[in-house]
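Single-structure report; data block below.
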Amino acid sequence: MPNYKLTRREFLKASGASLFLAGIPLQGFTQDQPPGKISVIILEGGMDGLSAVPAFGDPNFEKMRGILIPENYLKLNSFFGLHPSLKNLSSLMASNNASIVHATSFPYKKRSHFEGQNLIQGGGLTPFSEKTGWLGRSLELAKIPGRALSLEMPLILRGYGENDNFFPAKINNSSKININLVEKLTAAHGKLGSDVFEKVKQKSLLTSENMPRDPQSLAEYAGKAMAKKDGPTASVIRLSGFDSHASQDDGNGNDHGIDLAKIDGVIAAYKRGLGGAWDNSIILTITEFGRTVAVNGTRGTDHGYGSAGIIAGGAISKSRVISDWPGLAKNEQYEQRDLMSTIDYRSVCAACIEKSLGLDHDLIASKVFFEPKLPRVFDYLFS
Amino acid sequence: MNEHFRVSQKLGLMFRPEEILPTDIKRWAIKQLQSPSPSLGIGNVGSDIKPWPKIFQPSLDEKAVKLRIHWETTKRERKKEGGFTEAAQRANDRDNLMYKKDILRFSHRNVYGSDQLRLRLMSFWANHFTIGSFDSREVIGHAMEEAILANFNDSFSTMLYKVTTHPGMLSYLDNHISAGPNSNQVRWAKANGEQAGLNDNLGRELLELHTVSPSANYTETDIRNAAKVLAGWGIDIKGNSLSSLKEQGGTTNLWDMYKRNWAEPGNKMILGKNIGTGKGSLKQLTDFLAAHEHTVMHLSTKLAEHFVSDVPNKTDVNYIASAWRQSNGNLDQIHTAVIERAIASKEPKFQLPMTWLFQVLRLSNATYFMGWNEINTSNNSLKFNMQPMQIFDELGQNLWAERQPNGYSSKKEEWMSGEMFERRIRFADSIWTSDSQIQSTSVIMDRIGASKETRKLVESLHGMSSRSKKNQFIALMCSPELMGLENA
């Protein structure tokens, strides 16, 4: 057989991450603190929910997934297990600080990364329909202004003029930005450009600090920042590498396990950073789609539909695996190939916004997700 | 800006100080399509501009040999055989890895080359056909030059076929390990209790991103059948020798890596087209897709968004699309139509960070990238010690970075953030600070015919100190005019 396991390991070694912090109060702006903090981990590529949270209780699971199942899965309950790379999540589940939602998805069924990624960030009814993101709109409704910490502004946080971004630069031979220069540029540009240079000016008043850019360090940094009085309310971390078309099996290479371990490490780092603020925090994952139930020809899985969502944080008081399990038999699969989705993941996002930002569900449903009849699942997650 | 620089900003990389401005800018632009320039660059900071040495421009075969030596040496080093040292590993990287030199050569071409318009088009297509993995980065430069640029005087279908079968693309999207479900390879694997078969990664992106787009309403069966046509193409050029390719029923040409034993027998139906069997069937498929009406509209729109306007009007798109149809996808004709529409449209076009950087360097005649002799120096006293890879990473646009196959957006909303703009100020600062011989702001403004507004902005920062001169330079380069944005 070709030695493609090595290929994939090499790839993963260099995969990066980005951090975006938002809702950092601006100088001179006072208002009541929201009830909690919210962090979103975007899993780019389409996470395989059946790999992260295997459904051992399903009579077809072993048959469909046999070769991808490592021996040492962790047990959650009589039906579901956890991938061995998710050890920290497993202990959070044991201490009632995390839950799983399974067989869930945003309402997108066409299996394109780029349409899907746009939809899960934009939160609109169809891909590319929104120029702003669901978290940005939520912060705007909660009237929490702030900055994001990143090189580019991700769609999920757009939608609030006051949102800005930041990521420490490492550019040789460049010195502190001259405020007079930025003011002149702000005046010279039309509205589009001057709005952005205005933010450069605000940024030039701050001192930046050195920070490493690996996912765990970014998460710990975000946690610490959020824990501070007047710290940011929201953060977004983007992890790549979940498009597991090949060599997904755990084998010696621990291949897909490396990706899942990144999620586990990021959640642990958030907890370390947040300290006491963990108690009113929520961290949730989103991904553009799940993957095929059957294994493909290259020990991987292709683009699918339903996946699993991970929700962690002290705001959870009872751990659960929340699922209306659709089954894995051929006729139970979506289009006879993918894990079906039976829970609209927008409802999960809405519950997390309701809990952390204190917004009313109906308002979130109509103004954030443009779906007035979006079901409320708050009680399943937080009661 | 005068018409020369307005056009060279939208479609090119700006004229360098020593370049003579053509009398007819439109004729010049169209003629550019036929005028390749050699890979120009500098050996050392401060040395003369000359063509890159042949030794740094290896063929695909030579690259593959180096890659295998690098890989074999790395494996021995990992096993700690033969007393390998870190110095030996560094020497291995220096002698056998090519990507750092490839990025530098790409940067030099863009800064010093005289075929600025062709280079912009090369970057457009390299982004359209994104190859973005750690494994393929050694051959990304080759794909840009040989699969894309070298086919500019041919058709889109030729380019599409050469890119699709390029070893970089085949490994980036996992196709080199995909085998037809009814192929010999899969039968043998199953008999031995091993897993082998199809994945649809490249098949899907070929339809979704490279050609027809989701607007064609293809089905999962169409995607799977495209993956079946692709099954058998590709090999891990790092880990396998050409003789093993031959053993698998293939050829010994790295750009023609078809393994007969991995191919799916039988005809395949894709978007209503019956595609045959065997090696020639991929060309049948890419030719069909290249001429598909949804491909014509998808790519005419994408070209117009990149070169004409963020929101191109129907006339612009239809003009390019009709040139495409009338010429059966001849790239000269398509690119000519793009040039005509970009010149006719008076709308400013926001310049992405990488293009902007090249334009700043050409306008100001600054030396910013190191020379080819300096790529492996770790001498801290060297003023220009930012590696090209780091420069593009900090800019937020790097054609060698690991990334998703949809590439970078041409639309300004993706690039308008405080941090992105701060980077421009910092890079303009860094460029000015790095080269004391830099062209003065007033000379640049005279040559490009800077607008009254730009002159007013630069004048407002007037002062006697060198700091004010620097701020004037930064202001010019970050002015609405040179970023491609509207004035206040």
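We name chains A, B, ... following the order of the structure tokens; residues begin at 1 in each chain, and ligands are numbered from 1 as shown.
The residues of chain B lying at most 6 Å from chain A, with only C-alpha atoms taken into account, are Phe134, Ala196, Gly197, Leu198, Asn199, Ser417, Gly418, Glu419, Glu422, Arg426, Asp429, Ser430, Pro480, Glu486, Asn487 and Ala488 of chain B.
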Residues just named, written with N, CA and C atoms as a PDB file, in the first residue's frame:
```
ATOM      1  N   PHE B 134       1.448  21.491   2.414  1.00  0.00           N
ATOM      2  CA  PHE B 134       2.855  21.311   2.759  1.00  0.00           C
ATOM      3  C   PHE B 134       3.521  20.376   1.749  1.00  0.00           C
ATOM      4  N   ALA B 196      -8.679   0.028  -0.139  1.00  0.00           N
ATOM      5  CA  ALA B 196      -8.293   0.873  -1.274  1.00  0.00           C
ATOM      6  C   ALA B 196      -9.559   1.284  -1.988  1.00  0.00           C
ATOM      7  N   GLY B 197      -9.548   2.413  -2.626  1.00  0.00           N
ATOM      8  CA  GLY B 197     -10.731   2.857  -3.355  1.00  0.00           C
ATOM      9  C   GLY B 197     -10.700   4.339  -3.642  1.00  0.00           C
ATOM     10  N   LEU B 198     -11.906   4.881  -3.795  1.00  0.00           N
ATOM     11  CA  LEU B 198     -12.059   6.228  -4.330  1.00  0.00           C
ATOM     12  C   LEU B 198     -12.156   7.279  -3.226  1.00  0.00           C
ATOM     13  N   ASN B 199     -11.635   8.494  -3.457  1.00  0.00           N
ATOM     14  CA  ASN B 199     -12.103   9.665  -2.705  1.00  0.00           C
ATOM     15  C   ASN B 199     -12.447  10.738  -3.729  1.00  0.00           C
ATOM     16  N   SER B 417      -9.735  45.532   6.920  1.00  0.00           N
ATOM     17  CA  SER B 417      -9.773  45.497   8.376  1.00  0.00           C
ATOM     18  C   SER B 417      -8.652  46.375   8.905  1.00  0.00           C
ATOM     19  N   GLY B 418      -8.813  46.838  10.125  1.00  0.00           N
ATOM     20  CA  GLY B 418      -7.815  47.711  10.732  1.00  0.00           C
ATOM     21  C   GLY B 418      -6.442  47.071  10.692  1.00  0.00           C
ATOM     22  N   GLU B 419      -6.389  45.796  10.997  1.00  0.00           N
ATOM     23  CA  GLU B 419      -5.090  45.124  11.038  1.00  0.00           C
ATOM     24  C   GLU B 419      -4.459  45.057   9.643  1.00  0.00           C
ATOM     25  N   GLU B 422      -3.165  48.442   8.883  1.00  0.00           N
ATOM     26  CA  GLU B 422      -1.977  48.756   9.665  1.00  0.00           C
ATOM     27  C   GLU B 422      -0.749  48.091   9.051  1.00  0.00           C
ATOM     28  N   ARG B 426       2.861  49.653   7.980  1.00  0.00           N
ATOM     29  CA  ARG B 426       4.121  49.088   8.469  1.00  0.00           C
ATOM     30  C   ARG B 426       5.038  48.643   7.331  1.00  0.00           C
ATOM     31  N   ASP B 429       6.538  51.638   5.685  1.00  0.00           N
ATOM     32  CA  ASP B 429       7.583  52.099   6.602  1.00  0.00           C
ATOM     33  C   ASP B 429       8.843  51.235   6.444  1.00  0.00           C
ATOM     34  N   SER B 430       8.636  49.920   6.488  1.00  0.00           N
ATOM     35  CA  SER B 430       9.749  48.974   6.407  1.00  0.00           C
ATOM     36  C   SER B 430      10.512  49.122   5.085  1.00  0.00           C
ATOM     37  N   PRO B 480      -5.750  56.803  -1.088  1.00  0.00           N
ATOM     38  CA  PRO B 480      -6.834  56.145  -1.823  1.00  0.00           C
ATOM     39  C   PRO B 480      -6.404  55.815  -3.249  1.00  0.00           C
ATOM     40  N   GLU B 486     -11.808  54.904  -3.319  1.00  0.00           N
ATOM     41  CA  GLU B 486     -12.367  56.235  -3.581  1.00  0.00           C
ATOM     42  C   GLU B 486     -11.737  57.268  -2.661  1.00  0.00           C
ATOM     43  N   ASN B 487     -11.655  58.507  -3.151  1.00  0.00           N
ATOM     44  CA  ASN B 487     -11.237  59.623  -2.312  1.00  0.00           C
ATOM     45  C   ASN B 487     -12.344  60.026  -1.357  1.00  0.00           C
ATOM     46  N   ALA B 488     -11.967  60.846  -0.355  1.00  0.00           N
ATOM     47  CA  ALA B 488     -12.978  61.395   0.569  1.00  0.00           C
ATOM     48  C   ALA B 488     -13.932  62.281  -0.211  1.00  0.00           C
TER      49      ALA B 488
END
```
- [ ] Extract, using only C-alpha atoms, all DNA, RNA and protein residues at most 6 Å from stretch 215-220 of chain A, discarding same-chain residues fewer than 6 positions from it, and format them as a list of chain:residue names.
- [x] A:Ala17, A:Val266, A:Ala269, A:Tyr270, A:Gly273
Keeping only C-alpha atoms, write those residues as a JSON list (two decimals), in the first residue's frame.
```
[["chain", "number", "residue", "atom", "x", "y", "z"],
["A", 17, "ALA", "CA", -4.94, 28.57, 13.59],
["A", 266, "VAL", "CA", -7.99, 24.43, 22.80],
["A", 269, "ALA", "CA", -6.37, 26.09, 27.26],
["A", 270, "TYR", "CA", -9.51, 28.23, 27.35],
["A", 273, "GLY", "CA", -6.93, 31.09, 30.70]]
```
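Atom CA of B:Gly329 is positioned 5.5 Å from atom CA of B:Phe156.
Taking only C-alpha atoms, the non-local environment of A:Ser51 within 8 Å (same-chain residues fewer than 5 positions away omitted) comprises Leu68, Ile69 and His83 of chain A.
Going from atom CA of B:Ile30 over to atom CA of B:Val360, you cover 23.5 Å.
Proximity to A:Gly46 was assessed for A:Leu141, A:Leu239, A:Ala261, A:Leu374 counting only C-alpha atoms; the smallest distance is recorded for A:Leu239.
Excluding A:Gln33 and any residue on its chain fewer than 4 positions from it, the residues at most 10 Å away by only C-alpha atoms are Pro25, Lys37, Ala142, Ile144, Lys229, Asp230, Thr233, Leu357 and Gly358 of chain A.
Using only C-alpha atoms, the shortest contact distance between B:Gln351 and any of B:Leu13, B:Val111, B:Ala143, B:Ile448 is found at B:Leu13.
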TODO: Please provide as a ChimeraX atom specification all residues within 10 Å of B:Asn330, with the sequence filter that same-chain residues fewer than 2 positions apart are discarded (counting only C-alpha atoms).
DONE: /B:152-158,323-328,332-335
Now that the selection is made, can you save its residues with C-alpha atoms as a CSV table (one decimal), in the first residue's frame?
```csv
chain,number,residue,atom,x,y,z
B,152,PHE,CA,-1.2,31.6,-22.0
B,153,ASN,CA,-1.0,31.4,-25.7
B,154,ASP,CA,-3.0,28.3,-25.8
B,155,SER,CA,-6.6,27.5,-24.6
B,156,PHE,CA,-8.2,27.3,-21.2
B,157,SER,CA,-8.9,23.7,-21.8
B,158,THR,CA,-5.1,23.0,-22.2
B,323,ALA,CA,-14.9,36.4,-26.5
B,324,TRP,CA,-14.6,33.1,-24.7
B,325,ARG,CA,-17.3,31.4,-26.7
B,326,GLN,CA,-16.3,32.9,-30.1
B,327,SER,CA,-12.7,31.8,-29.7
B,328,ASN,CA,-13.5,28.4,-28.2
B,332,ASP,CA,-5.3,35.3,-25.7
B,333,GLN,CA,-8.8,36.3,-26.7
B,334,ILE,CA,-10.2,35.9,-23.2
B,335,HIS,CA,-7.3,38.0,-21.7
```
Open item on the list: Can you tell me, as an MDAnalysis selection string, which residues in stretch 109-346 of chain A count as strand (DSSP E) by DSSP?
Closed with: chainID A and resid 234:239 281:287 307:312 321:323 343:344
Selection above as a file: C-alpha atoms, as a PDB file, in the first residue's frame:
```pdb
ATOM      1  CA  ALA A 234     -16.631  36.855  22.585  1.00  0.00           C
ATOM      2  CA  SER A 235     -13.817  35.052  20.857  1.00  0.00           C
ATOM      3  CA  VAL A 236     -13.479  32.889  17.779  1.00  0.00           C
ATOM      4  CA  ILE A 237     -10.725  30.399  17.060  1.00  0.00           C
ATOM      5  CA  ARG A 238     -10.395  28.796  13.669  1.00  0.00           C
ATOM      6  CA  LEU A 239      -8.830  25.352  13.345  1.00  0.00           C
ATOM      7  CA  SER A 281     -18.455  30.807  29.896  1.00  0.00           C
ATOM      8  CA  ILE A 282     -19.607  28.792  26.905  1.00  0.00           C
ATOM      9  CA  ILE A 283     -17.383  27.354  24.190  1.00  0.00           C
ATOM     10  CA  LEU A 284     -19.002  25.736  21.167  1.00  0.00           C
ATOM     11  CA  THR A 285     -17.707  24.186  17.954  1.00  0.00           C
ATOM     12  CA  ILE A 286     -19.179  24.768  14.506  1.00  0.00           C
ATOM     13  CA  THR A 287     -18.291  23.002  11.253  1.00  0.00           C
ATOM     14  CA  SER A 307     -22.056  16.074  12.331  1.00  0.00           C
ATOM     15  CA  ALA A 308     -21.597  16.558  16.078  1.00  0.00           C
ATOM     16  CA  GLY A 309     -21.230  19.770  18.071  1.00  0.00           C
ATOM     17  CA  ILE A 310     -19.203  20.117  21.260  1.00  0.00           C
ATOM     18  CA  ILE A 311     -20.366  22.582  23.920  1.00  0.00           C
ATOM     19  CA  ALA A 312     -18.183  23.158  26.975  1.00  0.00           C
ATOM     20  CA  VAL A 321     -25.484  13.817  24.757  1.00  0.00           C
ATOM     21  CA  ILE A 322     -28.391  15.539  23.064  1.00  0.00           C
ATOM     22  CA  SER A 323     -29.577  13.676  20.004  1.00  0.00           C
ATOM     23  CA  ILE A 343     -31.312  19.004  15.119  1.00  0.00           C
ATOM     24  CA  ASP A 344     -30.898  22.448  13.568  1.00  0.00           C
TER      25      ASP A 344
END
```
Open item on the list: Taking 6 positions as the minimum chain separation for residues in the same chain, which residues sit within 12 Å of A:Phe369 when counting only C-alpha atoms? Answer as a PyMOL selection string.
Closed with: chain A and resi 106-107+119-126+129-130+132-138+344-350+353+361-363+375
Just C-alpha atoms for this one: save the residues we selected as a PDB file, in the first residue's frame.
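Writing done, so here's again.pdb:
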```
ATOM      1  CA  PHE A 106     -26.757  24.059   9.925  1.00  0.00           C
ATOM      2  CA  PRO A 107     -29.423  23.787   7.223  1.00  0.00           C
ATOM      3  CA  LEU A 119     -23.423  29.769   5.789  1.00  0.00           C
ATOM      4  CA  ILE A 120     -22.240  28.673   9.243  1.00  0.00           C
ATOM      5  CA  GLN A 121     -20.580  32.053   9.796  1.00  0.00           C
ATOM      6  CA  GLY A 122     -23.132  34.255   8.062  1.00  0.00           C
ATOM      7  CA  GLY A 123     -26.019  32.386   9.678  1.00  0.00           C
ATOM      8  CA  GLY A 124     -28.368  33.390   6.852  1.00  0.00           C
ATOM      9  CA  LEU A 125     -30.857  31.228   5.011  1.00  0.00           C
ATOM     10  CA  THR A 126     -28.621  30.493   2.028  1.00  0.00           C
ATOM     11  CA  SER A 129     -26.873  35.796   1.445  1.00  0.00           C
ATOM     12  CA  GLU A 130     -25.380  37.695   4.408  1.00  0.00           C
ATOM     13  CA  THR A 132     -22.496  40.054   8.331  1.00  0.00           C
ATOM     14  CA  GLY A 133     -22.107  37.146  10.751  1.00  0.00           C
ATOM     15  CA  TRP A 134     -24.384  35.687  13.417  1.00  0.00           C
ATOM     16  CA  LEU A 135     -22.035  36.456  16.291  1.00  0.00           C
ATOM     17  CA  GLY A 136     -21.483  40.013  15.060  1.00  0.00           C
ATOM     18  CA  ARG A 137     -25.234  40.565  14.837  1.00  0.00           C
ATOM     19  CA  SER A 138     -25.712  39.102  18.324  1.00  0.00           C
ATOM     20  CA  ASP A 344     -30.898  22.448  13.568  1.00  0.00           C
ATOM     21  CA  TYR A 345     -27.542  23.625  14.910  1.00  0.00           C
ATOM     22  CA  ARG A 346     -28.690  27.236  14.699  1.00  0.00           C
ATOM     23  CA  SER A 347     -30.912  26.408  17.684  1.00  0.00           C
ATOM     24  CA  VAL A 348     -27.808  25.351  19.620  1.00  0.00           C
ATOM     25  CA  CYS A 349     -26.034  28.589  18.687  1.00  0.00           C
ATOM     26  CA  ALA A 350     -29.163  30.543  19.683  1.00  0.00           C
ATOM     27  CA  ILE A 353     -26.200  33.351  22.705  1.00  0.00           C
ATOM     28  CA  HIS A 361     -34.727  33.646  22.054  1.00  0.00           C
ATOM     29  CA  ASP A 362     -37.391  35.137  19.788  1.00  0.00           C
ATOM     30  CA  LEU A 363     -35.189  38.152  19.156  1.00  0.00           C
ATOM     31  CA  PRO A 375     -36.917  25.878  17.811  1.00  0.00           C
TER      32      PRO A 375
END
```
Open item on the list: I'd like to know which residues of stretch 181-291 of chain B are alpha helix (DSSP H) (by DSSP, run on the backbone); could you write them as a PyMOL selection string?
Closed with: chain B and resi 184-191+201-205+220-230+242-247+281-290
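Compared by their closest atoms to A:Ser356, and using only C-alpha atoms, the residues A:Trp278, A:Leu157, A:Ser105, A:Gly116 rank with A:Trp278 nearest.
With atom CA of A:Lys262 on one side and atom CA of A:Leu43 on the other, the separation reads 10.1 Å.
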- [ ] Could you give me, as a list in words, the residues within 10 Å of B:Trp356, counting only C-alpha atoms and dropping anything in the same chain fewer than 2 positions from it?
- [x] Gln9, Leu13, Met14, Phe350, Gln351, Leu352, Pro353, Met354, Phe358, Gln359, Val360, Leu361, Arg362, Arg424, Met477, Cys478, Leu482, Met483 and Gly484 of chain B
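When only C-alpha atoms are used to measure the gap to A:His102, the shortest distance among A:His256, A:Arg320, A:Lys228, A:Lys75 belongs to A:Arg320.
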